[in-house]
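Just start.cif here, mmCIF, C-alpha atoms and all ligand atoms:
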```cif
data_target
loop_
_atom_site.label_atom_id
_atom_site.label_comp_id
_atom_site.auth_asym_id
_atom_site.auth_seq_id
_atom_site.Cartn_x
_atom_site.Cartn_y
_atom_site.Cartn_z
CA MET L 1 53.50 -67.03 20.01
CA SER L 2 51.51 -64.34 18.35
CA VAL L 3 53.33 -61.81 16.16
CA PRO L 4 51.81 -58.34 16.54
CA PRO L 5 51.08 -56.33 13.39
CA SER L 6 54.11 -54.13 12.66
CA SER L 7 54.27 -50.76 10.94
CA GLN L 8 56.98 -51.93 8.48
CA PRO L 9 55.12 -52.81 5.26
CA LEU L 10 55.76 -56.34 4.09
CA LEU L 11 54.07 -55.75 0.74
CA ALA L 12 53.60 -52.29 -0.73
CA VAL L 13 51.58 -51.62 -3.87
CA HIS L 14 51.83 -48.11 -5.26
CA GLN L 15 49.66 -46.50 -7.94
CA LEU L 16 49.09 -49.74 -9.82
CA VAL L 17 47.41 -49.36 -13.20
CA VAL L 18 46.33 -52.44 -15.20
CA GLY L 19 44.68 -52.23 -18.59
CA PHE L 20 43.46 -54.14 -21.60
CA PRO L 21 43.86 -52.98 -25.19
CA ALA L 22 40.90 -50.94 -26.37
CA LYS L 23 38.80 -52.83 -28.94
CA GLY L 24 40.41 -52.49 -32.34
CA GLY L 25 43.60 -51.10 -30.82
CA ARG L 26 47.01 -52.70 -31.06
CA GLY L 27 47.44 -52.31 -27.35
CA ASP L 28 50.73 -50.51 -27.63
CA ASN L 29 49.77 -47.96 -25.00
CA SER L 30 50.24 -45.04 -27.38
CA ALA L 31 47.97 -42.03 -27.04
CA LEU L 32 46.13 -43.02 -30.22
CA LEU L 33 45.52 -46.67 -29.42
CA PRO L 34 45.28 -46.71 -25.66
CA TYR L 35 44.66 -49.38 -23.13
CA GLN L 36 41.45 -49.26 -21.17
CA GLN L 37 42.15 -49.27 -17.48
CA ALA L 38 40.56 -51.94 -15.29
CA VAL L 39 42.71 -51.10 -12.24
CA CYS L 40 43.15 -47.34 -12.10
CA GLY L 41 45.89 -46.46 -9.60
CA VAL L 42 45.58 -48.80 -6.63
CA SER L 43 47.84 -48.32 -3.61
CA PHE L 44 47.92 -50.27 -0.36
CA ALA L 45 50.37 -51.63 2.16
CA LEU L 46 50.21 -54.98 3.92
CA ASN L 47 52.05 -55.41 7.19
CA ARG L 48 53.49 -58.54 8.76
CA GLY L 49 50.93 -60.40 10.80
CA GLU L 50 48.07 -58.50 9.24
CA VAL L 51 44.98 -59.55 7.31
CA LEU L 52 43.86 -56.92 4.82
CA GLY L 53 40.42 -57.49 3.29
CA LEU L 54 39.71 -56.41 -0.28
CA VAL L 55 35.99 -56.12 -0.99
CA GLY L 56 33.85 -54.77 -3.78
CA GLU L 57 31.30 -55.77 -6.37
CA SER L 58 32.05 -58.22 -9.14
CA GLY L 59 34.28 -56.77 -11.86
CA CYS L 60 35.79 -53.95 -9.76
CA GLY L 61 39.36 -55.24 -10.22
CA LYS L 62 40.11 -57.30 -7.11
CA SER L 63 41.48 -60.37 -8.88
CA LEU L 64 43.42 -58.31 -11.41
CA THR L 65 45.04 -56.38 -8.55
CA SER L 66 46.08 -59.65 -6.88
CA LEU L 67 47.41 -61.10 -10.14
CA ALA L 68 49.36 -57.89 -10.81
CA VAL L 69 51.13 -58.25 -7.43
CA LEU L 70 52.57 -61.53 -8.78
CA ASN L 71 53.10 -60.10 -12.27
CA LEU L 72 50.56 -62.61 -13.60
CA VAL L 73 48.09 -60.33 -15.37
CA PRO L 74 46.58 -62.45 -18.18
CA THR L 75 47.40 -61.38 -21.74
CA PRO L 76 46.47 -59.14 -23.45
CA GLY L 77 46.21 -57.31 -20.14
CA LYS L 78 49.23 -55.37 -18.98
CA ILE L 79 50.55 -53.52 -15.95
CA LEU L 80 50.81 -49.98 -17.30
CA GLU L 81 52.10 -48.12 -14.26
CA GLY L 82 52.94 -48.52 -10.62
CA SER L 83 55.18 -50.55 -8.36
CA VAL L 84 54.99 -53.60 -6.11
CA SER L 85 57.57 -54.09 -3.36
CA LEU L 86 58.13 -57.04 -1.08
CA GLU L 87 59.95 -55.47 1.85
CA LYS L 88 62.69 -53.55 0.05
CA GLN L 89 62.65 -55.59 -3.16
CA SER L 90 60.88 -54.14 -6.17
CA LEU L 91 59.07 -56.99 -7.98
CA LEU L 92 57.71 -55.84 -11.31
CA ALA L 93 61.08 -55.44 -13.03
CA LEU L 94 62.46 -58.78 -11.80
CA PRO L 95 63.54 -61.33 -14.44
CA ALA L 96 61.02 -64.17 -14.93
CA ASP L 97 63.07 -66.80 -13.06
CA ALA L 98 63.59 -64.55 -10.03
CA MET L 99 59.86 -63.81 -9.95
CA ARG L 100 59.08 -67.55 -10.18
CA LYS L 101 61.13 -68.08 -7.01
CA ILE L 102 59.15 -65.38 -5.19
CA ARG L 103 55.83 -66.94 -6.23
CA GLY L 104 54.91 -69.76 -3.93
CA ALA L 105 57.93 -69.41 -1.66
CA ARG L 106 57.42 -65.82 -0.50
CA ILE L 107 54.05 -64.83 -1.94
CA ALA L 108 51.51 -67.60 -2.40
CA LEU L 109 48.24 -67.23 -4.25
CA ILE L 110 45.08 -69.20 -3.68
CA PRO L 111 43.46 -68.35 -7.02
CA GLN L 112 39.78 -67.52 -7.40
CA ASP L 113 39.22 -70.58 -9.58
CA PRO L 114 41.29 -73.35 -7.97
CA MET L 115 39.37 -76.00 -9.93
CA THR L 116 41.40 -75.27 -13.04
CA SER L 117 44.72 -74.80 -11.25
CA LEU L 118 45.55 -78.46 -10.61
CA ASN L 119 47.14 -80.49 -13.38
CA PRO L 120 44.79 -83.41 -14.24
CA VAL L 121 47.59 -85.77 -15.30
CA TYR L 122 49.56 -85.72 -12.02
CA THR L 123 48.50 -87.03 -8.62
CA ILE L 124 47.78 -84.61 -5.82
CA GLY L 125 50.88 -86.01 -4.09
CA ASN L 126 53.10 -85.26 -7.11
CA GLN L 127 51.85 -81.70 -7.24
CA LEU L 128 52.14 -81.06 -3.51
CA LEU L 129 55.59 -82.66 -3.30
CA GLU L 130 56.80 -80.62 -6.26
CA VAL L 131 56.10 -77.30 -4.56
CA ILE L 132 57.39 -78.54 -1.20
CA THR L 133 60.64 -79.73 -2.82
CA LEU L 134 61.03 -76.54 -4.83
CA HIS L 135 60.21 -74.04 -2.13
CA ARG L 136 61.18 -75.76 1.12
CA ASN L 137 64.04 -77.87 -0.23
CA LEU L 138 62.66 -81.00 1.42
CA HIS L 139 62.85 -84.45 -0.17
CA GLY L 140 61.63 -88.04 0.29
CA ALA L 141 59.91 -88.94 3.55
CA ALA L 142 60.38 -85.45 5.05
CA ALA L 143 58.61 -83.84 2.07
CA GLU L 144 55.84 -86.46 2.20
CA GLN L 145 55.33 -85.79 5.90
CA VAL L 146 54.90 -82.06 5.23
CA ALA L 147 52.41 -82.87 2.42
CA ILE L 148 50.37 -85.09 4.74
CA GLU L 149 50.40 -82.47 7.49
CA ALA L 150 49.32 -79.80 4.99
CA LEU L 151 46.32 -81.90 3.87
CA ASP L 152 45.48 -82.75 7.50
CA ALA L 153 45.53 -79.05 8.34
CA VAL L 154 42.87 -78.29 5.73
CA LYS L 155 40.79 -81.30 6.89
CA VAL L 156 41.29 -83.59 3.91
CA PRO L 157 40.54 -87.03 5.40
CA ASN L 158 42.92 -89.98 4.85
CA ALA L 159 45.66 -87.63 3.69
CA LYS L 160 48.28 -90.35 3.06
CA GLN L 161 46.04 -92.34 0.69
CA ARG L 162 44.74 -89.16 -0.94
CA LEU L 163 48.27 -88.27 -2.08
CA THR L 164 48.11 -91.10 -4.64
CA GLN L 165 44.87 -89.87 -6.21
CA TYR L 166 44.28 -87.59 -9.20
CA PRO L 167 42.39 -84.25 -9.15
CA HIS L 168 39.29 -85.79 -10.80
CA GLU L 169 38.95 -88.10 -7.77
CA PHE L 170 38.45 -85.03 -5.54
CA SER L 171 35.24 -83.04 -5.19
CA GLY L 172 35.31 -79.30 -5.92
CA GLY L 173 35.56 -78.40 -2.24
CA MET L 174 38.35 -80.93 -1.69
CA ARG L 175 40.33 -79.54 -4.64
CA GLN L 176 39.95 -76.07 -3.17
CA ARG L 177 41.38 -77.39 0.11
CA VAL L 178 44.30 -78.95 -1.78
CA MET L 179 45.09 -75.55 -3.32
CA ILE L 180 44.98 -73.97 0.13
CA ALA L 181 47.24 -76.74 1.49
CA MET L 182 49.67 -76.17 -1.39
CA ALA L 183 49.83 -72.43 -0.72
CA LEU L 184 50.31 -72.84 3.03
CA ALA L 185 52.82 -75.74 2.82
CA CYS L 186 55.36 -73.31 1.35
CA GLU L 187 55.14 -71.12 4.46
CA PRO L 188 54.93 -67.91 2.44
CA ASP L 189 55.46 -64.44 3.94
CA VAL L 190 52.43 -63.18 2.04
CA LEU L 191 49.28 -65.15 1.27
CA ILE L 192 46.89 -63.77 -1.32
CA ALA L 193 43.60 -65.60 -1.00
CA ASP L 194 41.07 -64.77 -3.71
CA GLU L 195 37.64 -65.90 -2.45
CA PRO L 196 39.32 -68.93 -0.84
CA THR L 197 36.29 -70.50 0.77
CA THR L 198 33.41 -69.84 -1.62
CA ALA L 199 33.06 -73.49 -2.72
CA LEU L 200 33.16 -74.80 0.84
CA ASP L 201 30.33 -75.38 3.27
CA VAL L 202 30.01 -73.06 6.25
CA THR L 203 31.71 -75.36 8.77
CA VAL L 204 34.75 -76.03 6.59
CA GLN L 205 34.86 -72.35 5.62
CA ALA L 206 35.10 -71.43 9.30
CA GLN L 207 37.86 -74.05 9.83
CA ILE L 208 39.90 -72.79 6.87
CA LEU L 209 39.55 -69.15 7.93
CA ALA L 210 40.59 -70.10 11.46
CA LEU L 211 43.63 -71.92 10.02
CA ILE L 212 44.64 -68.93 7.90
CA LYS L 213 44.26 -66.66 10.90
CA GLU L 214 46.28 -68.99 13.11
CA LEU L 215 49.15 -69.16 10.60
CA GLN L 216 49.04 -65.42 10.13
CA ALA L 217 49.33 -64.90 13.88
CA GLU L 218 51.95 -67.62 14.48
CA ARG L 219 54.23 -66.95 11.54
CA GLY L 220 53.57 -63.27 11.05
CA MET L 221 52.27 -63.99 7.55
CA GLY L 222 50.58 -61.05 5.83
CA VAL L 223 47.28 -61.98 4.19
CA LEU L 224 45.41 -60.19 1.43
CA LEU L 225 41.94 -61.68 1.65
CA ILE L 226 39.61 -61.02 -1.27
CA THR L 227 36.01 -61.73 -0.42
CA HIS L 228 32.44 -60.76 -1.14
CA ASP L 229 31.46 -61.64 2.39
CA LEU L 230 31.47 -58.77 4.87
CA GLY L 231 30.80 -61.27 7.67
CA VAL L 232 34.15 -62.92 6.86
CA VAL L 233 35.78 -59.48 6.82
CA ALA L 234 34.40 -58.68 10.26
CA GLN L 235 35.65 -62.01 11.66
CA VAL L 236 39.09 -62.23 10.11
CA CYS L 237 40.46 -58.90 8.86
CA HIS L 238 42.37 -56.16 10.66
CA ARG L 239 41.89 -53.60 7.89
CA VAL L 240 39.62 -53.37 4.85
CA ALA L 241 40.01 -51.75 1.45
CA VAL L 242 36.79 -51.19 -0.50
CA MET L 243 37.18 -51.21 -4.29
CA TYR L 244 34.86 -49.63 -6.80
CA ALA L 245 35.48 -49.43 -10.55
CA GLY L 246 39.21 -50.07 -10.38
CA ARG L 247 39.96 -47.82 -7.41
CA ILE L 248 40.19 -48.24 -3.66
CA VAL L 249 37.52 -45.78 -2.56
CA GLU L 250 37.80 -46.34 1.20
CA GLU L 251 40.30 -47.98 3.52
CA ALA L 252 40.08 -48.29 7.29
CA PRO L 253 40.64 -50.56 10.29
CA VAL L 254 37.83 -53.09 10.22
CA LYS L 255 35.95 -51.81 13.29
CA GLU L 256 36.11 -48.23 12.06
CA LEU L 257 34.88 -49.15 8.59
CA PHE L 258 31.82 -50.84 10.07
CA SER L 259 31.15 -48.15 12.68
CA LYS L 260 31.98 -45.11 10.56
CA PRO L 261 31.74 -45.86 6.83
CA SER L 262 32.55 -42.60 5.07
CA HIS L 263 32.21 -43.30 1.36
CA PRO L 264 28.60 -43.51 0.13
CA TYR L 265 29.47 -46.76 -1.70
CA THR L 266 30.64 -48.39 1.53
CA GLN L 267 27.57 -47.01 3.28
CA SER L 268 25.35 -48.64 0.63
CA LEU L 269 27.15 -51.98 0.97
CA LEU L 270 26.73 -51.97 4.73
CA ALA L 271 23.13 -50.78 4.60
CA ALA L 272 22.32 -53.69 2.29
CA ILE L 273 23.41 -56.26 4.87
CA PRO L 274 20.36 -57.68 6.60
CA ASN L 275 22.04 -58.73 9.84
CA MET L 276 25.73 -58.26 10.56
CA LYS L 277 25.45 -60.37 13.72
CA SER L 278 24.57 -63.46 11.70
CA ASP L 279 27.59 -65.53 10.65
CA ARG L 280 25.94 -66.45 7.37
CA GLY L 281 24.42 -64.61 4.48
CA ASN L 282 26.56 -61.50 4.64
CA ALA L 283 27.58 -61.63 1.01
CA LEU L 284 27.46 -58.25 -0.72
CA GLN L 285 23.87 -57.53 -1.69
CA ALA L 286 22.95 -55.94 -4.96
CA ILE L 287 22.69 -52.18 -4.76
CA GLU L 288 20.72 -50.39 -7.43
CA GLY L 289 22.41 -49.79 -10.77
CA GLN L 290 25.65 -51.17 -12.21
CA PRO L 291 29.30 -50.16 -11.90
CA PRO L 292 30.80 -48.83 -15.14
CA PRO L 293 32.43 -51.48 -17.34
CA VAL L 294 36.12 -51.29 -18.27
CA GLY L 295 36.39 -48.59 -20.92
CA MET L 296 33.66 -46.49 -19.30
CA ILE L 297 35.42 -45.79 -15.99
CA PRO L 298 35.75 -41.99 -15.77
CA HIS L 299 39.17 -40.50 -15.07
CA ASN L 300 37.96 -37.04 -14.14
CA ALA L 301 34.84 -37.78 -12.12
CA CYS L 302 33.68 -39.99 -9.28
CA ALA L 303 32.77 -43.34 -10.89
CA PHE L 304 30.06 -43.91 -8.28
CA ALA L 305 28.19 -40.67 -9.10
CA PRO L 306 25.45 -42.27 -11.29
CA ARG L 307 24.45 -44.50 -8.34
CA CYS L 308 25.10 -42.09 -5.49
CA SER L 309 22.16 -40.48 -3.68
CA LYS L 310 24.49 -37.74 -2.37
CA ALA L 311 26.03 -36.76 -5.72
CA GLU L 312 26.59 -33.06 -6.37
CA PRO L 313 27.75 -31.25 -9.51
CA ARG L 314 31.36 -31.13 -8.27
CA CYS L 315 31.45 -34.95 -8.11
CA THR L 316 31.57 -35.11 -11.91
CA GLU L 317 33.83 -32.12 -12.47
CA ALA L 318 37.03 -33.76 -11.24
CA LEU L 319 38.25 -36.99 -9.69
CA PRO L 320 37.68 -36.55 -5.94
CA PRO L 321 40.93 -36.53 -3.94
CA VAL L 322 41.70 -39.27 -1.43
CA ALA L 323 40.83 -37.60 1.86
CA SER L 324 41.79 -38.52 5.40
CA VAL L 325 38.87 -39.37 7.70
CA SER L 326 41.18 -40.16 10.64
CA PRO L 327 44.88 -41.14 10.87
CA ASN L 328 44.35 -44.67 9.43
CA HIS L 329 41.16 -44.09 7.51
CA THR L 330 40.87 -42.66 3.99
CA ALA L 331 38.01 -42.19 1.55
CA GLN L 332 37.85 -40.84 -2.00
CA CYS L 333 34.75 -38.67 -1.84
CA VAL L 334 34.15 -34.91 -1.98
CA LEU L 335 32.04 -35.10 1.19
CA VAL L 336 34.95 -36.29 3.35
N1 LIG M 1 41.21 -61.08 -19.91
C1 LIG M 1 40.44 -59.98 -19.81
N2 LIG M 1 40.13 -59.22 -20.88
C2 LIG M 1 39.39 -58.10 -20.79
N3 LIG M 1 38.89 -57.64 -19.64
C3 LIG M 1 39.15 -58.35 -18.52
C4 LIG M 1 39.94 -59.54 -18.54
N4 LIG M 1 40.04 -60.01 -17.25
C5 LIG M 1 39.34 -59.14 -16.49
N5 LIG M 1 38.82 -58.15 -17.25
C6 LIG M 1 37.98 -57.05 -16.77
O1 LIG M 1 38.64 -56.39 -15.72
C7 LIG M 1 37.70 -56.03 -14.73
C8 LIG M 1 38.18 -56.49 -13.38
O2 LIG M 1 38.17 -57.90 -13.33
P1 LIG M 1 38.50 -58.72 -12.01
O3 LIG M 1 38.52 -60.15 -12.40
O4 LIG M 1 39.70 -58.18 -11.36
O5 LIG M 1 37.21 -58.40 -11.11
P2 LIG M 1 36.88 -58.90 -9.63
O6 LIG M 1 36.74 -57.70 -8.78
O7 LIG M 1 37.86 -59.92 -9.21
O8 LIG M 1 35.44 -59.55 -9.82
P3 LIG M 1 34.78 -60.86 -9.14
O9 LIG M 1 34.31 -60.41 -7.80
O10 LIG M 1 33.66 -61.21 -10.06
O11 LIG M 1 35.82 -61.91 -9.07
C9 LIG M 1 36.35 -56.64 -15.12
O12 LIG M 1 35.51 -55.62 -15.60
C10 LIG M 1 36.70 -57.60 -16.20
O13 LIG M 1 35.69 -57.62 -17.17
S1 LIG M 2 32.25 -37.99 -4.64
FE1 LIG M 2 30.09 -37.42 -4.90
S2 LIG M 2 29.20 -39.01 -6.20
FE2 LIG M 2 31.15 -39.78 -5.42
S3 LIG M 2 30.62 -40.91 -3.61
FE3 LIG M 2 31.14 -38.84 -2.90
S4 LIG M 2 29.17 -37.76 -2.90
FE4 LIG M 2 28.84 -39.62 -4.09
MG MG M 3 37.77 -61.89 -8.86
#
```

Take the structure in the file and write it out as structure tokens.
Amino acid sequence: MSVPPSSQPLLAVHQLVVGFPAKGGRGDNSALLPYQQAVCGVSFALNRGEVLGLVGESGCGKSLTSLAVLNLVPTPGKILEGSVSLEKQSLLALPADAMRKIRGARIALIPQDPMTSLNPVYTIGNQLLEVITLHRNLHGAAAEQVAIEALDAVKVPNAKQRLTQYPHEFSGGMRQRVMIAMALACEPDVLIADEPTTALDVTVQAQILALIKELQAERGMGVLLITHDLGVVAQVCHRVAVMYAGRIVEEAPVKELFSKPSHPYTQSLLAAIPNMKSDRGNALQAIEGQPPPVGMIPHNACAFAPRCSKAEPRCTEALPPVASVSPNHTAQCVLV
């Protein structure tokens, strides 16, 4: 039975700021030796049974945002401000062991680089059974059955025999499927999938996306789907958040974003797509110029101004406010 999207947020991220110590600084977040922000105040809510797409050019802070949700920002990076709540529970102040229980069991991450996430010295079966035992409290034959079903679901052939093999005996695409199986076997409430299908061929990619969508609909799982592919967004997502230089610059229901993009950055991304009807080749195309690197992101101006054909003097006089385009549609641009 399909679970309809609800208005009660499952995951709420509020004004999240993530930074790295400025070069030469001690990184103690004092005014003199500050952190440089890579994520500059990101807020979003994910509902049950909803797929929220997070798109934007390379380096805009998508992966850091997803890692911050799990309190896994790599050192020397640090969450400087903001909150993350899973239903009513605030996550960022949780003790490490409580947070470990949330990871995997309630919020699962398919990391951007799954190739390095499997332990080379343990079999795939050991690693799958470990998470199934830990998070689903299943043992022996029952746990093995769940592991086999999880590998079957992501189309790993000969699942039972494959459990006895080591990661190096799997191709890159197969390892990515194992990571997806591991995340889904725990039946999380929230799945964060960071470019989950990039290493897979188009047919398998479509199967995996269909599986994620099916589980989201059946179990009411909320999915944060990070992707460069606007074709995938159009097929799978209910809502989309567009990131630029550490900020969400536009957020809207998927149909409205495609029919009425309101931020010039989103407009450029969509204009650069050759054919939205094609189910291939909709990866974000290069638009002229470069986003500002961490350390050069302005705090009192629109970061897109140097690349924006509609820029006006007021765009660089203050940070544009987040404006409402329609009840569920916002954009951070002075023209809205
Ligand atoms: N360990 C680190 N030290 C310093 N800067 C970092 C570190 N990790 C990420 N950054 C910077 O933070 C910014 C955001 O990185 P992030 O990985 O979140 O980008 P992304 O949007 O996921 O990009 P991509 O689409 O390429 O995966 C980048 O400019 C990156 O250079
Ligand atoms: S605020 Fe100004 S520079 Fe920024 S996107 Fe809007 S028009 Fe362009
Ligand atoms: Mg990334």

Just want the residues within 7 Å of ligand LIG 1 (chain M), written as a list in words, counting only C-alpha atoms and all ligand atoms.
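The residues near ligand LIG 1 (chain M) are Phe20, Ala38, Gly56, Glu57, Ser58, Gly59, Cys60, Gly61, Lys62, Ser63, Leu64, Thr65, Pro74, Thr75, Pro76, Gly77, His228, Pro293 and Val294 of chain L.
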
I'd like the contact shell of L:Glu81 - 12 Å cut-off, only C-alpha atoms, skipping same-chain residues fewer than 3 positions apart - returned as an NGL selection string.
:L and (13-19 or 29 or 35 or 37 or 39-43 or 68 or 78 or 84 or 92-93)

Please produce an output containing C-alpha atoms for each residue in the selection, written as an mmCIF file, in the frame of the given file.
```cif
data_model
loop_
_atom_site.group_PDB
_atom_site.id
_atom_site.type_symbol
_atom_site.label_atom_id
_atom_site.label_comp_id
_atom_site.auth_asym_id
_atom_site.auth_seq_id
_atom_site.Cartn_x
_atom_site.Cartn_y
_atom_site.Cartn_z
ATOM 1 C CA VAL L 13 51.580 -51.620 -3.870
ATOM 2 C CA HIS L 14 51.830 -48.110 -5.260
ATOM 3 C CA GLN L 15 49.660 -46.500 -7.940
ATOM 4 C CA LEU L 16 49.090 -49.740 -9.820
ATOM 5 C CA VAL L 17 47.410 -49.360 -13.200
ATOM 6 C CA VAL L 18 46.330 -52.440 -15.200
ATOM 7 C CA GLY L 19 44.680 -52.230 -18.590
ATOM 8 C CA ASN L 29 49.770 -47.960 -25.000
ATOM 9 C CA TYR L 35 44.660 -49.380 -23.130
ATOM 10 C CA GLN L 37 42.150 -49.270 -17.480
ATOM 11 C CA VAL L 39 42.710 -51.100 -12.240
ATOM 12 C CA CYS L 40 43.150 -47.340 -12.100
ATOM 13 C CA GLY L 41 45.890 -46.460 -9.600
ATOM 14 C CA VAL L 42 45.580 -48.800 -6.630
ATOM 15 C CA SER L 43 47.840 -48.320 -3.610
ATOM 16 C CA ALA L 68 49.360 -57.890 -10.810
ATOM 17 C CA LYS L 78 49.230 -55.370 -18.980
ATOM 18 C CA VAL L 84 54.990 -53.600 -6.110
ATOM 19 C CA LEU L 92 57.710 -55.840 -11.310
ATOM 20 C CA ALA L 93 61.080 -55.440 -13.030
#
```

Tell me, as a ChimeraX atom specification, which residues lie within 10 Å of L:Ile124, counting all atoms listed in the file; anything in the same chain fewer than 4 positions away does not count.
/L:118-120,128-130,147,162-170,175,178-179,182

Rounded to one decimal, what separation in Å do you get between atom CA of L:Ile248 and atom CA of L:Gly222?
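Value for the atom CA of L:Ile248-atom CA of L:Gly222 distance: 19.0 Å.
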
Residues at most 12 Å from L:Arg177, counting only C-alpha atoms, excluding those fewer than 5 positions away in the same chain, as a compact mmCIF listing (two decimals) with C-alpha atoms, keeping the file's coordinate frame?
```txt
# COMPACT_ATOMS: atom_id res chain seq x y z
CA ILE L 110 45.08 -69.20 -3.68
CA PRO L 111 43.46 -68.35 -7.02
CA PRO L 114 41.29 -73.35 -7.97
CA MET L 115 39.37 -76.00 -9.93
CA LEU L 118 45.55 -78.46 -10.61
CA ILE L 124 47.78 -84.61 -5.82
CA LEU L 128 52.14 -81.06 -3.51
CA ALA L 150 49.32 -79.80 4.99
CA LEU L 151 46.32 -81.90 3.87
CA ASP L 152 45.48 -82.75 7.50
CA ALA L 153 45.53 -79.05 8.34
CA VAL L 154 42.87 -78.29 5.73
CA LYS L 155 40.79 -81.30 6.89
CA VAL L 156 41.29 -83.59 3.91
CA PRO L 157 40.54 -87.03 5.40
CA ALA L 159 45.66 -87.63 3.69
CA PRO L 167 42.39 -84.25 -9.15
CA PHE L 170 38.45 -85.03 -5.54
CA SER L 171 35.24 -83.04 -5.19
CA GLY L 172 35.31 -79.30 -5.92
CA MET L 182 49.67 -76.17 -1.39
CA ALA L 183 49.83 -72.43 -0.72
CA LEU L 184 50.31 -72.84 3.03
CA ALA L 185 52.82 -75.74 2.82
CA PRO L 196 39.32 -68.93 -0.84
CA THR L 197 36.29 -70.50 0.77
CA THR L 198 33.41 -69.84 -1.62
CA ALA L 199 33.06 -73.49 -2.72
CA LEU L 200 33.16 -74.80 0.84
CA ASP L 201 30.33 -75.38 3.27
CA VAL L 204 34.75 -76.03 6.59
CA GLN L 205 34.86 -72.35 5.62
CA GLN L 207 37.86 -74.05 9.83
CA ILE L 208 39.90 -72.79 6.87
CA LEU L 209 39.55 -69.15 7.93
CA LEU L 211 43.63 -71.92 10.02
CA ILE L 212 44.64 -68.93 7.90
```

Nearest to L:Leu191 among L:Leu224, L:Ala272, L:Cys333, L:Ala301, with distances taken over all atoms listed in the file: which residue is it?
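For L:Leu191, the nearest of the given residues is L:Leu224.
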
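When atom CA of L:Gly289 is paired with atom CA of L:Leu67, their separation reads 27.4 Å.
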
Could you check how far atom CA of L:Val190 sits from atom CA of L:Ala142, in Å to one decimal?
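We find that atom CA of L:Val190 and atom CA of L:Ala142 lie 23.8 Å from each other.
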
Residue nearest ligand MG 3 (chain M) among L:Leu225, L:Ile148, L:Leu335, L:Ala318 (counting only C-alpha atoms and all ligand atoms)
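Distance minimum relative to ligand MG 3 (chain M) lands on L:Leu225.
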
Using all atoms listed in the file, give me every residue within 12 Å of (61.8, -77.6, -3.0) in file coordinates, as a count of residues only.
24

Compute the set of protein, DNA and RNA residues whose minimum atom distance to ligand LIG 2 (chain M) is at most 6 Å, using all atoms listed in the file, and state it as a short mmCIF file (atom, residue, chain, number, x, y, z; two decimals) with C-alpha atoms, in the coordinates of the input.
```cif
data_model
loop_
_atom_site.label_atom_id
_atom_site.label_comp_id
_atom_site.auth_asym_id
_atom_site.auth_seq_id
_atom_site.Cartn_x
_atom_site.Cartn_y
_atom_site.Cartn_z
CA HIS L 263 32.21 -43.30 1.36
CA PRO L 264 28.60 -43.51 0.13
CA CYS L 302 33.68 -39.99 -9.28
CA PHE L 304 30.06 -43.91 -8.28
CA ALA L 305 28.19 -40.67 -9.10
CA CYS L 308 25.10 -42.09 -5.49
CA LYS L 310 24.49 -37.74 -2.37
CA ALA L 311 26.03 -36.76 -5.72
CA GLU L 312 26.59 -33.06 -6.37
CA CYS L 315 31.45 -34.95 -8.11
CA PRO L 320 37.68 -36.55 -5.94
CA CYS L 333 34.75 -38.67 -1.84
CA VAL L 334 34.15 -34.91 -1.98
CA LEU L 335 32.04 -35.10 1.19
#
```

Would you list the contacts of L:Pro188 as an mmCIF file with C-alpha atoms, in the frame of the given file, taking every protein, DNA or RNA residue within 6 Å and counting all atoms listed in the file, but skipping same-chain residues closer than 3 positions in sequence?
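In the end it all went to around.cif:
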```
data_model
loop_
_atom_site.group_PDB
_atom_site.id
_atom_site.type_symbol
_atom_site.label_atom_id
_atom_site.label_comp_id
_atom_site.auth_asym_id
_atom_site.auth_seq_id
_atom_site.Cartn_x
_atom_site.Cartn_y
_atom_site.Cartn_z
ATOM 1 C CA ALA L 105 57.930 -69.410 -1.660
ATOM 2 C CA ARG L 106 57.420 -65.820 -0.500
ATOM 3 C CA ILE L 107 54.050 -64.830 -1.940
ATOM 4 C CA ALA L 108 51.510 -67.600 -2.400
#
```

Out of L:Ser90, L:Ala193, L:Pro313, L:Ala252, which residue has the shortest atom-to-atom distance to ligand MG 3 (chain M) when counting only C-alpha atoms and all ligand atoms?
L:Ala193

Compare L:Val322, L:Ala181, L:Leu86, L:Ile192 by their minimum atom-to-atom distance to L:Ala45, counting all atoms listed in the file, and give me the closest one.
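Among the listed residues, the smallest separation from L:Ala45 belongs to L:Leu86.
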
Can you work out which one of L:Pro95, L:Pro9, L:Gly295, L:Pro253 has the shortest atom-to-atom distance to L:Ala234, counting all atoms listed in the file?
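Result for the nearest residue to L:Ala234: L:Pro253.
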
Determine the nearest neighbour of ligand MG 3 (chain M) from the options L:Thr203, L:Gln290, L:Gln216, L:Thr227, counting all atoms listed in the file.
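Between L:Thr203, L:Gln290, L:Gln216, L:Thr227, the residue approaching ligand MG 3 (chain M) most closely is L:Thr227.
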
Neighbouring residues of L:Ser324 were defined as those with any atom within 10 Å, considering only C-alpha atoms; residues of the same chain fewer than 6 positions away were excluded. Please report them as a ChimeraX atom specification.
/L:250-251,330-332,336
